[in-house]
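A.B. asks: Supplied structure: upload_23.txt, compact mmCIF, C-alpha atoms and all ligand atoms.
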```
# COMPACT_ATOMS: atom_id res chain seq x y z
CA MET A 1 82.60 32.48 134.12
CA THR A 2 85.83 34.17 133.07
CA THR A 3 88.27 31.33 133.78
CA PRO A 4 88.22 27.75 132.49
CA PRO A 5 86.86 25.19 134.94
CA GLY A 6 90.34 23.92 135.91
CA PRO A 7 92.00 20.58 135.43
CA GLN A 8 90.00 17.38 135.29
CA PRO A 9 89.69 15.70 138.68
CA ALA A 10 92.54 13.32 139.51
CA PRO A 11 91.69 9.64 138.95
CA ALA A 12 90.59 7.97 142.16
CA ARG A 13 89.15 4.54 142.88
CA ARG A 14 85.44 4.80 142.31
CA VAL A 15 83.03 3.90 145.10
CA THR A 16 80.92 0.98 143.86
CA VAL A 17 77.63 -0.57 144.88
CA LEU A 18 79.69 -3.31 146.54
CA ASP A 19 81.39 -0.69 148.73
CA LEU A 20 77.98 0.46 149.93
CA ALA A 21 77.04 -3.11 150.84
CA ALA A 22 80.36 -3.44 152.66
CA ALA A 23 79.74 -0.16 154.52
CA ARG A 24 76.41 -1.50 155.76
CA ARG A 25 78.02 -4.77 156.90
CA ALA A 26 80.75 -2.81 158.69
CA GLY A 27 78.26 -0.43 160.28
CA ARG A 28 79.90 2.56 158.57
CA PRO A 29 77.32 5.25 157.75
CA ILE A 30 76.93 6.06 154.05
CA SER A 31 76.80 9.71 152.93
CA MET A 32 74.99 10.90 149.82
CA VAL A 33 74.38 14.48 148.70
CA THR A 34 72.80 15.94 145.61
CA ALA A 35 74.73 17.87 142.97
CA TYR A 36 73.58 19.31 139.68
CA ASP A 37 76.55 21.02 138.03
CA TRP A 38 80.35 21.20 137.83
CA PRO A 39 81.03 23.20 141.03
CA THR A 40 78.61 21.29 143.25
CA GLY A 41 79.88 17.97 141.85
CA ARG A 42 83.51 18.94 142.48
CA LEU A 43 82.72 20.16 146.00
CA ALA A 44 80.77 17.02 146.92
CA ASP A 45 83.51 14.72 145.63
CA ALA A 46 86.26 16.70 147.36
CA ALA A 47 84.31 16.40 150.62
CA GLY A 48 84.64 12.61 150.36
CA VAL A 49 80.97 11.64 150.23
CA ASP A 50 80.18 8.09 149.13
CA CYS A 51 77.46 8.94 146.60
CA VAL A 52 76.50 11.99 144.58
CA LEU A 53 72.86 12.06 143.52
CA VAL A 54 71.81 14.05 140.48
CA GLY A 55 68.30 14.36 141.85
CA ASP A 56 65.22 15.43 139.99
CA SER A 57 65.11 18.02 142.81
CA VAL A 58 67.09 19.98 140.18
CA ALA A 59 63.66 21.10 138.97
CA MET A 60 63.03 22.75 142.35
CA VAL A 61 66.34 24.00 143.72
CA VAL A 62 67.97 24.94 140.39
CA ALA A 63 65.00 25.72 138.15
CA GLY A 64 62.67 27.12 140.82
CA ARG A 65 59.73 24.83 140.01
CA SER A 66 57.29 23.90 142.78
CA SER A 67 57.78 20.13 142.41
CA THR A 68 60.10 17.60 140.78
CA ILE A 69 57.42 16.55 138.28
CA PRO A 70 58.57 18.89 135.46
CA ALA A 71 62.09 17.37 135.34
CA THR A 72 62.64 15.74 131.95
CA LEU A 73 64.90 12.92 130.79
CA GLU A 74 66.90 15.37 128.66
CA GLN A 75 67.43 17.64 131.69
CA MET A 76 68.53 14.72 133.88
CA ILE A 77 70.98 13.63 131.18
CA TYR A 78 72.30 17.19 130.80
CA HIS A 79 72.95 17.61 134.53
CA GLY A 80 74.04 14.00 135.00
CA GLU A 81 76.72 14.29 132.32
CA ILE A 82 78.18 17.44 133.90
CA VAL A 83 78.23 15.94 137.40
CA SER A 84 79.67 12.63 136.18
CA ARG A 85 82.63 14.50 134.65
CA ALA A 86 83.11 16.48 137.87
CA VAL A 87 83.03 13.49 140.21
CA ALA A 88 85.99 11.10 140.13
CA ARG A 89 85.51 9.07 143.29
CA ALA A 90 81.93 9.00 144.53
CA LEU A 91 79.27 6.73 143.03
CA VAL A 92 77.15 8.95 140.79
CA VAL A 93 73.43 8.16 140.81
CA VAL A 94 70.98 9.91 138.45
CA ASP A 95 67.23 10.10 139.06
CA LEU A 96 64.81 8.61 136.55
CA PRO A 97 62.29 11.43 136.04
CA PHE A 98 58.53 11.06 136.20
CA PRO A 99 56.76 9.06 134.75
CA LEU A 100 59.27 6.76 133.07
CA GLN A 101 59.20 4.03 135.73
CA HIS A 102 55.45 3.71 135.22
CA LEU A 103 55.54 3.00 131.49
CA GLY A 104 56.79 -0.56 131.60
CA VAL A 105 60.11 -2.35 131.72
CA ARG A 106 61.09 -1.63 128.12
CA THR A 107 60.59 2.14 128.44
CA ALA A 108 62.50 2.16 131.73
CA ILE A 109 65.41 0.22 130.20
CA GLU A 110 65.49 2.59 127.22
CA ALA A 111 65.52 5.64 129.48
CA CYS A 112 68.00 4.27 132.05
CA SER A 113 70.39 2.98 129.39
CA ARG A 114 70.39 6.48 127.88
CA ILE A 115 71.16 7.87 131.33
CA LEU A 116 74.04 5.45 131.81
CA LYS A 117 75.44 5.81 128.28
CA GLU A 118 75.09 9.57 127.89
CA THR A 119 76.04 10.72 131.40
CA GLY A 120 78.71 8.24 132.46
CA CYS A 121 76.99 7.76 135.84
CA GLN A 122 77.09 4.42 137.63
CA ALA A 123 73.48 3.94 138.79
CA VAL A 124 69.94 5.23 138.56
CA LYS A 125 67.41 5.96 141.28
CA LEU A 126 63.71 5.51 140.84
CA GLU A 127 60.74 6.33 143.03
CA GLY A 128 58.14 3.65 143.35
CA THR A 129 55.90 1.38 145.34
CA ALA A 130 55.81 -2.39 145.23
CA GLY A 131 54.04 -1.83 141.90
CA GLN A 132 57.35 -0.86 140.27
CA ALA A 133 59.21 -4.00 141.44
CA ASP A 134 58.98 -5.57 137.98
CA VAL A 135 60.62 -2.49 136.48
CA ILE A 136 63.46 -2.62 139.01
CA ALA A 137 63.92 -6.34 138.29
CA GLY A 138 64.00 -5.67 134.54
CA LEU A 139 66.60 -2.95 134.91
CA VAL A 140 68.75 -5.07 137.20
CA ALA A 141 68.50 -7.98 134.74
CA ALA A 142 69.79 -5.59 132.08
CA GLY A 143 72.83 -4.82 134.26
CA ILE A 144 71.65 -1.40 135.39
CA PRO A 145 72.22 -0.75 139.11
CA VAL A 146 69.05 0.63 140.71
CA MET A 147 68.56 2.57 143.93
CA GLY A 148 64.94 2.42 145.10
CA HIS A 149 63.10 5.36 146.70
CA VAL A 150 60.08 4.76 148.94
CA GLY A 151 58.12 6.67 151.55
CA LEU A 152 57.48 10.25 150.51
CA ARG A 153 57.82 10.05 146.75
CA PRO A 154 57.97 13.69 145.60
CA GLN A 155 56.91 12.71 142.08
CA ALA A 156 53.61 11.54 143.66
CA VAL A 157 53.20 14.68 145.79
CA HIS A 158 49.73 15.45 144.49
CA GLN A 159 48.52 11.94 145.19
CA LEU A 160 50.11 11.94 148.65
CA GLY A 161 48.46 15.26 149.56
CA GLY A 162 51.69 17.22 149.99
CA TYR A 163 55.20 16.78 151.35
CA ARG A 164 54.18 14.95 154.52
CA LEU A 165 55.37 12.20 156.82
CA GLN A 166 54.41 8.76 155.47
CA ARG A 167 53.07 6.78 158.43
CA ASP A 168 51.71 3.52 157.04
CA VAL A 169 54.40 1.14 158.25
CA ASP A 170 52.94 -1.88 156.45
CA VAL A 171 52.96 -0.06 153.10
CA LEU A 172 56.45 1.34 153.70
CA MET A 173 57.77 -2.09 154.64
CA ALA A 174 56.12 -3.76 151.64
CA ASP A 175 57.46 -1.14 149.21
CA ALA A 176 61.01 -1.30 150.60
CA ARG A 177 61.03 -5.11 150.70
CA ALA A 178 59.75 -5.24 147.11
CA ALA A 179 62.50 -2.88 145.89
CA ALA A 180 65.21 -4.90 147.65
CA ALA A 181 63.78 -8.24 146.50
CA ALA A 182 63.71 -6.94 142.93
CA GLY A 183 67.44 -6.29 143.14
CA ALA A 184 67.82 -2.65 144.20
CA PHE A 185 71.31 -2.18 145.68
CA ALA A 186 70.03 0.41 148.18
CA VAL A 187 66.74 2.04 149.11
CA VAL A 188 66.11 5.70 149.96
CA LEU A 189 63.55 6.18 152.75
CA GLU A 190 62.08 9.68 152.62
CA CYS A 191 59.99 11.30 155.35
CA VAL A 192 59.11 8.24 157.41
CA PRO A 193 58.92 7.83 161.20
CA ARG A 194 62.15 6.80 162.89
CA SER A 195 60.63 3.53 164.11
CA ALA A 196 59.56 2.56 160.57
CA ALA A 197 63.00 3.39 159.15
CA ALA A 198 64.66 1.34 161.88
CA ALA A 199 62.38 -1.65 161.24
CA ILE A 200 62.90 -1.47 157.47
CA THR A 201 66.66 -1.13 157.89
CA ALA A 202 66.68 -4.24 160.08
CA ALA A 203 64.46 -6.16 157.65
CA LEU A 204 66.34 -5.44 154.42
CA ASP A 205 69.65 -6.93 153.37
CA VAL A 206 70.65 -3.85 151.35
CA PRO A 207 71.54 -0.38 152.70
CA THR A 208 68.82 2.14 153.50
CA ILE A 209 69.60 5.80 152.97
CA GLY A 210 67.36 8.16 154.90
CA ILE A 211 66.14 11.70 154.41
CA GLY A 212 63.78 12.76 157.16
CA ALA A 213 63.91 9.15 158.37
CA GLY A 214 65.95 9.48 161.56
CA PRO A 215 69.36 8.19 162.54
CA ASP A 216 68.86 4.43 162.26
CA CYS A 217 69.26 4.14 158.49
CA ASP A 218 72.50 2.85 156.99
CA GLY A 219 73.14 6.25 155.43
CA GLN A 220 71.84 9.78 155.04
CA VAL A 221 71.12 11.97 152.03
CA LEU A 222 70.49 15.72 151.85
CA VAL A 223 69.85 18.17 149.07
CA MET A 224 73.00 20.26 148.51
CA HIS A 225 71.12 23.56 148.35
CA ASP A 226 69.35 22.89 151.68
CA LEU A 227 72.59 21.86 153.38
CA ALA A 228 74.45 24.91 152.02
CA GLY A 229 71.81 27.57 152.64
CA LEU A 230 71.01 28.10 148.97
CA SER A 231 67.32 27.20 149.15
CA PHE A 232 65.14 30.27 149.29
CA ASP A 233 62.06 28.57 150.66
CA ARG A 234 61.75 27.30 154.23
CA VAL A 235 63.68 24.04 154.50
CA PRO A 236 62.08 20.98 156.11
CA ARG A 237 62.74 20.35 159.82
CA PHE A 238 64.87 17.30 159.01
CA VAL A 239 67.45 19.45 157.20
CA ARG A 240 70.57 20.76 158.92
CA SER A 241 72.06 23.78 157.12
CA TYR A 242 75.82 23.84 157.58
CA VAL A 243 76.57 27.16 155.93
CA ASP A 244 74.58 30.17 154.77
CA ALA A 245 76.12 30.34 151.31
CA GLY A 246 73.12 32.31 150.06
CA ALA A 247 73.79 35.09 152.57
CA ALA A 248 77.53 35.04 151.82
CA ILE A 249 76.99 35.30 148.05
CA GLY A 250 74.31 37.95 148.50
CA ALA A 251 76.64 40.09 150.65
CA ALA A 252 79.49 39.68 148.15
CA LEU A 253 77.22 40.77 145.29
CA GLU A 254 76.09 43.82 147.22
CA ARG A 255 79.68 44.83 147.97
CA TRP A 256 80.60 44.39 144.28
CA ARG A 257 77.61 46.47 143.15
CA GLN A 258 78.61 49.24 145.58
CA ASP A 259 82.22 49.10 144.33
CA VAL A 260 80.99 49.45 140.73
CA GLU A 261 78.72 52.35 141.66
CA ARG A 262 81.52 54.29 143.36
CA ARG A 263 83.99 53.41 140.56
CA ASP A 264 86.12 51.39 142.97
CA PHE A 265 85.90 48.34 140.66
CA PRO A 266 87.89 47.59 138.62
CA GLY A 267 90.92 48.94 140.44
CA ALA A 268 94.53 48.91 139.26
CA ALA A 269 94.93 45.22 140.16
CA GLU A 270 91.98 44.21 137.98
CA THR A 271 92.89 46.46 135.03
CA LEU A 272 94.81 44.96 132.12
CA GLY A 273 97.56 46.68 130.15
O1 LIG A 301 65.78 14.39 143.97
C1 LIG A 301 66.31 14.34 145.09
O2 LIG A 301 67.02 15.26 145.52
C2 LIG A 301 66.05 13.17 145.91
C3 LIG A 301 66.53 13.19 147.32
C4 LIG A 301 65.62 14.01 148.15
C5 LIG A 301 66.70 11.82 147.88
O3 LIG A 301 65.44 12.25 145.47
```
As structure tokens - that is how I would like this structure written.
Ligand code: KIV

C.D. replies:
Amino acid sequence: MTTPPGPQPAPARRVTVLDLAAARRAGRPISMVTAYDWPTGRLADAAGVDCVLVGDSVAMVVAGRSSTIPATLEQMIYHGEIVSRAVARALVVVDLPFPLQHLGVRTAIEACSRILKETGCQAVKLEGTAGQADVIAGLVAAGIPVMGHVGLRPQAVHQLGGYRLQRDVDVLMADARAAAAAGAFAVVLECVPRSAAAAITAALDVPTIGIGAGPDCDGQVLVMHDLAGLSFDRVPRFVRSYVDAGAAIGAALERWRQDVERRDFPGAAETLG
């Protein structure tokens, strides 16, 4: 980076958890996208999305790991703090990394309060089944807004046998109901059949945000790098890629390398003095 990152974003009224509830009541679809750094945070906020998620998918799409399991609390705080400074309007949600939601209410409160205090984000997201409802309730009682995440829980990928559609409607319904009853302000539904997502969305009184869950959720979330063509592996069928930024950057780099090799860069315009 040869230039400073530019002025701080202009103050704007922050989207709140109440706005998401109002969007659901009004039937206005909620948009959430992941971001992990200053440029992706700025771009997501400028695009007017409702929520920016600092997902533990950072371990995969930024760090090239094969799952989200290696993401650490320190890494989530590092990325969450950068994104929170970049985003002025959208609600910033930071993932609680594995296995902190499984170590009891006190550990979860300690970890989530660090996330809130040290990043400046407004909410945390945690993956879990009905078995984590007490942890959600404890966090909410402590004043920490929680987004639940049920269905395909990537942190449990080895237990679930891979990144696959979750078909047990009774389990999905029970997990989503438990998260909402415990006080989650919204619930992510990942990789579930459309009919299950529709039934859960009708049953809950908080917004559902789907990924690979069909069009009947109250909102949709995608991973920035999948949406922008920056994921090198095959993207899941539920992803729509809107731009091939990877190809554009690759072509630009090749042109620059060729310019260097034929001494066409730097030219007069890029030469100082
Ligand atoms: O970490 C992440 O990016 C997520 C989304 C897939 C919802 O949890």

A.B. asks: For the interface of chain A with ligand LIG 301 (chain A) (cut-off 8 Å, counting all atoms listed in the file), please tabulate each contacting residue of chain A alongside its nearest pair of atoms and their separation in Å to one decimal, rows sorted by chain and increasing number, as JSON lines.

C.D. replies:
```
{"residue": "A:Thr34", "atom": "CA", "partner": "A:LIG301", "partner_atom": "O2", "distance": 5.8}
{"residue": "A:Leu53", "atom": "CA", "partner": "A:LIG301", "partner_atom": "O2", "distance": 7.0}
{"residue": "A:Val54", "atom": "CA", "partner": "A:LIG301", "partner_atom": "O1", "distance": 7.0}
{"residue": "A:Gly55", "atom": "CA", "partner": "A:LIG301", "partner_atom": "O1", "distance": 3.3}
{"residue": "A:Asp56", "atom": "CA", "partner": "A:LIG301", "partner_atom": "O1", "distance": 4.2}
{"residue": "A:Ser57", "atom": "CA", "partner": "A:LIG301", "partner_atom": "O1", "distance": 3.9}
{"residue": "A:Val58", "atom": "CA", "partner": "A:LIG301", "partner_atom": "O1", "distance": 6.9}
{"residue": "A:Thr68", "atom": "CA", "partner": "A:LIG301", "partner_atom": "O1", "distance": 7.3}
{"residue": "A:Asp95", "atom": "CA", "partner": "A:LIG301", "partner_atom": "O1", "distance": 6.7}
{"residue": "A:Lys125", "atom": "CA", "partner": "A:LIG301", "partner_atom": "O3", "distance": 7.8}
{"residue": "A:Glu127", "atom": "CA", "partner": "A:LIG301", "partner_atom": "O3", "distance": 7.9}
{"residue": "A:His149", "atom": "CA", "partner": "A:LIG301", "partner_atom": "O3", "distance": 7.4}
{"residue": "A:Pro154", "atom": "CA", "partner": "A:LIG301", "partner_atom": "O3", "distance": 7.6}
{"residue": "A:Val188", "atom": "CA", "partner": "A:LIG301", "partner_atom": "C5", "distance": 6.5}
{"residue": "A:Glu190", "atom": "CA", "partner": "A:LIG301", "partner_atom": "C5", "distance": 7.0}
{"residue": "A:Gly210", "atom": "CA", "partner": "A:LIG301", "partner_atom": "C5", "distance": 7.9}
{"residue": "A:Ile211", "atom": "CA", "partner": "A:LIG301", "partner_atom": "C5", "distance": 6.6}
{"residue": "A:Val221", "atom": "CA", "partner": "A:LIG301", "partner_atom": "C5", "distance": 6.1}
{"residue": "A:Leu222", "atom": "CA", "partner": "A:LIG301", "partner_atom": "C4", "distance": 6.4}
{"residue": "A:Val223", "atom": "CA", "partner": "A:LIG301", "partner_atom": "O2", "distance": 5.4}
```

A.B. asks: Residues as selected, C-alpha atoms, written as a tab-separated table (two decimals), in the coordinates of the input, can you do that?

C.D. replies:
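Contents of result_3.tsv, freshly written:
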```tsv
chain	number	residue	atom	x	y	z
A	34	THR	CA	72.80	15.94	145.61
A	53	LEU	CA	72.86	12.06	143.52
A	54	VAL	CA	71.81	14.05	140.48
A	55	GLY	CA	68.30	14.36	141.85
A	56	ASP	CA	65.22	15.43	139.99
A	57	SER	CA	65.11	18.02	142.81
A	58	VAL	CA	67.09	19.98	140.18
A	68	THR	CA	60.10	17.60	140.78
A	95	ASP	CA	67.23	10.10	139.06
A	125	LYS	CA	67.41	5.96	141.28
A	127	GLU	CA	60.74	6.33	143.03
A	149	HIS	CA	63.10	5.36	146.70
A	154	PRO	CA	57.97	13.69	145.60
A	188	VAL	CA	66.11	5.70	149.96
A	190	GLU	CA	62.08	9.68	152.62
A	210	GLY	CA	67.36	8.16	154.90
A	211	ILE	CA	66.14	11.70	154.41
A	221	VAL	CA	71.12	11.97	152.03
A	222	LEU	CA	70.49	15.72	151.85
A	223	VAL	CA	69.85	18.17	149.07
```

A.B. asks: Grab all the atoms of stretch 235-240 of chain A that the file lists, wrap them in a box along x, y and z, add 6 Å per side, and give me centre plus edge lengths in Å (one decimal) as lines of an AutoDock Vina configuration file.

C.D. replies:
```
center_x = 66.3
center_y = 20.7
center_z = 157.2
size_x = 20.5
size_y = 18.7
size_z = 17.3
```

A.B. asks: Rank nothing, just name the residue among A:Leu272, A:Val92, A:Leu253, A:Ile69 nearest to A:Val17, using only C-alpha atoms.

C.D. replies: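 Closest to A:Val17 of all the choices is A:Val92.
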
A.B. asks: Just give me the gap between atom CA of A:Thr40 and atom CA of A:Glu81 in Å, one decimal is fine.

C.D. replies: 13.1 Å

A.B. asks: Go ahead and compute the interatomic distance for atom CA of A:Gly151 and atom CA of A:Arg164, in Å to one decimal.

C.D. replies: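 These atoms are spaced 9.6 Å apart.
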
A.B. asks: Would you mind telling me which residue in A:Gly138, A:Gly246, A:Pro207, A:Gly120 lies nearest to A:Ser231 when using only C-alpha atoms?

C.D. replies: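 Result for the nearest residue to A:Ser231: A:Gly246.
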
A.B. asks: What separation in Å, quoted to one decimal, exists between atom CA of A:Ile144 and atom CA of A:Ala180?

C.D. replies: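 Going from atom CA of A:Ile144 over to atom CA of A:Ala180 covers 14.3 Å.
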
A.B. asks: Restricting the calculation to all atoms listed in the file, which member of A:Val192, A:Leu227, A:Val187, A:Leu172 is positioned closest to A:Met147?

C.D. replies: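 Checking each of A:Val192, A:Leu227, A:Val187, A:Leu172 against A:Met147, counting all atoms listed in the file, the winner is A:Val187.
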
A.B. asks: Counting all atoms listed in the file, figure out which residue out of A:Val150, A:Val93, A:Ala86, A:Ala184 gets nearest to A:Asp168.

C.D. replies: A:Val150

A.B. asks: Using all atoms listed in the file, which of A:Trp256, A:Leu160, A:Ile30, A:Ala22 sits nearest A:Cys217?

C.D. replies: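 That would be A:Ile30, the residue with the smallest distance to A:Cys217.
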
A.B. asks: Restricting the calculation to all atoms listed in the file: of A:Gly212, A:Phe98, A:Ala199, A:Ala179, which residue gets closest to A:Leu152?

C.D. replies: A:Gly212

A.B. asks: Show me the residues around (62.0, -1.4, 139.7) - criterion: an atom at most 12 Å away, only C-alpha atoms counted - as a VMD selection string.

C.D. replies: chain A and resid 96 100 to 109 112 124 to 142 144 to 150 175 to 187

A.B. asks: Set the distance at 12 Å and use all atoms listed in the file: which residues neighbour A:Ser66 once local chain neighbours fewer than 5 positions away are removed? I'd like the list as JSON, numbers by chain.

C.D. replies: {"A": [56, 57, 58, 59, 60, 61, 71, 154, 155, 157, 158, 162, 163, 233]}

A.B. asks: In file coordinates, which residues lie within 9 Å of (77.2, 19.9, 146.2) using only C-alpha atoms, given as a PyMOL selection string?

C.D. replies: chain A and resi 33-37+39-45+52+223-225+227-228
